[in-house]
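Trainee: Mind having a look at this structure? Questions to follow.
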Amino acid sequence: MPRPSAPAAPTGPGRHPIAQALIPAGRFLMGDSFGEGHPADGELPVHPVRLDAYAIDATPVTNDAFAAFVAATGHRTEAEQAGHSAVFALHLLAEPADVLAVFPKTPWWIDVRGADWRRPYGPLATLDGRGDHPVVQVSRGDAEAYCAWAGRRLPTEAEWEYAARGGAESLRYPWGNDLTPGGEHHCNIWHGTFPVENTEEDGWSATSPVGAFPAGGFGLHDTAGNVWEWCADWFDPAYYARSPVHDPQGPPTGSVAVTRGGSYLCHDSYCNRYRTAARSSSTPHSSAANCGFRTVAA
């Protein structure tokens with residue numbers, strides 16, 4: 001499947017209110033230096049990448065920012081058009097009749113009628129008090145529509161990882177190799193027994209406000225945990241073996257797209273993908289209560 005072009009929409013003057021981090025040109029080693037990745041994720045081989053300077057959002061796009069885009073354009077997300085989307089079981093806010101299905105291989109995920117970006121956990125949910133939380137329940141197409149309106153684009157996977165590393169090489173997380181240095185939490189992930197109990201040791205069960213945890217070396221927040229983030233690349237676990245050194249763009253075709261950063265549901269018992277090198281993927285038309293995006297200056 002070829003990379004879809006961004007949906008037709010004005011390129012600017014949509015106001016993009018997210019603070020920017022300026023990333024200097026440089027070279028880094030991309031991939032898992034610790035050998036901790038899932039083999040099917042293709043985090044190896046570690047390989048050199050060189051990038052030109054660019055500007056990337058310091059945080060994921062928020063509910064308030066996405067609401068301004070919707071108000072200006074009338075955009076309806078793919079979840080809204082479909083009438084349903086995926087919600088984590090413990091966060092469900094819906095009547096029993098709105099539960100359409102339980103995903104058999106991952107029974108903690110439920111297909112819920114009326115779940116969308118305004119009602120991320122089901123039709124009884126709202127965004128009250130969550131304007132500064134990352135928008136979720138958006139597909140890659142929805143993220144690209146926002147980018148087209150704002151005159152921006154999604155980051156490449158290499159741009160995302162380089163920015164998240166903050167100028168350091170071979171660190172497990174954006175802040176170092178220990179998950180909780182000095183007993184302090186640096187990200188919003190699952191604590192407790194997945195998927196039945198979250199102790200909320202980091203202060204949050206679902207999304208947290210963007211910037212609630214310290215920034216990395218280049219000034220980015222939330223590159224570990226909180227929400228998965230769409231990237232521009234198609235996903236191929238064998239791509240790193242043939243990736244060009246300068247500004248890799250990912251495979252030219254694919255069926256699933258790269259997501260990065262992990263989410264509030266990641267737990268080391270089954271998904272330690274909040275590491276900086278970690279990769280995942282999803283079908284580009286899907287949406288879920290733990291996936292959002294950030295953008296790069298076009």
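Ordering of the structure tokens sets the chain letters (A, B, ...), residue numbers begin anew at 1 in every chain, and ligands are numbered from 1 in the order given.
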For the interface of segment 69-160 of chain A with segment 190-204 of chain A (cut-off 12 Å, counting only C-alpha atoms), please tabulate each contacting residue of segment 69-160 of chain A alongside its nearest pair of atoms and their separation in Å to one decimal, rows sorted by chain and increasing number, as a tab-separated table.
Mentor:
```
residue	atom	partner	partner_atom	distance
A:Phe88	CA	A:Pro195	CA	9.2
A:Ala89	CA	A:Pro195	CA	8.7
A:Leu90	CA	A:Val196	CA	7.6
A:His91	CA	A:Asn198	CA	11.0
A:Thr106	CA	A:Pro195	CA	9.9
A:Pro107	CA	A:Pro195	CA	9.3
A:Trp108	CA	A:Pro195	CA	6.6
A:Trp109	CA	A:Pro195	CA	9.9
A:His133	CA	A:Trp204	CA	11.6
```
Trainee: Can you pull out the residues contacting Arg118 of chain A? Cut-off 12 Å, using only C-alpha atoms, and skip same-chain residues under 6 positions away; I want them as a ChimeraX atom specification.
Mentor: /A:62-64,66-67,70,76-77,79-80,85,124-128,130-131,133-138,289
Trainee: Please write the residues from the selection above to a file, keeping C-alpha atoms, as a JSON list (two decimals), in the first residue's frame.
Mentor:
```json
[["chain", "number", "residue", "atom", "x", "y", "z"],
["A", 62, "THR", "CA", -3.60, 18.32, 23.02],
["A", 63, "ASN", "CA", -7.38, 18.04, 23.11],
["A", 64, "ASP", "CA", -7.64, 21.83, 23.05],
["A", 66, "PHE", "CA", -7.33, 19.36, 18.13],
["A", 67, "ALA", "CA", -10.67, 20.97, 19.09],
["A", 70, "VAL", "CA", -12.11, 20.61, 14.27],
["A", 76, "ARG", "CA", -14.83, 14.24, 11.47],
["A", 77, "THR", "CA", -12.39, 11.63, 12.68],
["A", 79, "ALA", "CA", -13.72, 6.86, 14.71],
["A", 80, "GLU", "CA", -16.62, 9.31, 14.46],
["A", 85, "SER", "CA", -13.49, 2.63, 18.64],
["A", 124, "LEU", "CA", -20.50, 8.62, 28.96],
["A", 125, "ALA", "CA", -17.04, 10.21, 28.98],
["A", 126, "THR", "CA", -16.21, 13.89, 28.44],
["A", 127, "LEU", "CA", -13.10, 16.02, 28.02],
["A", 128, "ASP", "CA", -13.93, 18.17, 31.05],
["A", 130, "ARG", "CA", -8.65, 17.30, 30.00],
["A", 131, "GLY", "CA", -7.99, 20.12, 27.55],
["A", 133, "HIS", "CA", -4.18, 16.06, 27.87],
["A", 134, "PRO", "CA", -3.04, 14.52, 24.56],
["A", 135, "VAL", "CA", -5.79, 13.94, 22.04],
["A", 136, "VAL", "CA", -6.50, 10.24, 21.49],
["A", 137, "GLN", "CA", -8.87, 8.19, 19.36],
["A", 138, "VAL", "CA", -7.26, 9.66, 16.24],
["A", 289, "ALA", "CA", -7.81, 5.49, 23.66]]
```
Trainee: If you run DSSP over the backbone, which residues in segment 20-200 of chain A end up alpha helix (DSSP H)? Put them as a PyMOL selection string.
Mentor: chain A and resi 63-73+78-82+140-150+157-165
Trainee: How many Å lie between atom CA of Ala71 of chain A and atom CA of Pro123 of chain A, rounded to one decimal?
Mentor: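 A separation of 20.2 Å between them.
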Trainee: Could you check the closest approach to Pro251 of chain A for each of A:Phe235, A:Tyr146, A:Phe34, A:Phe103 and tell me which residue wins, using only C-alpha atoms?
Mentor: A:Phe235
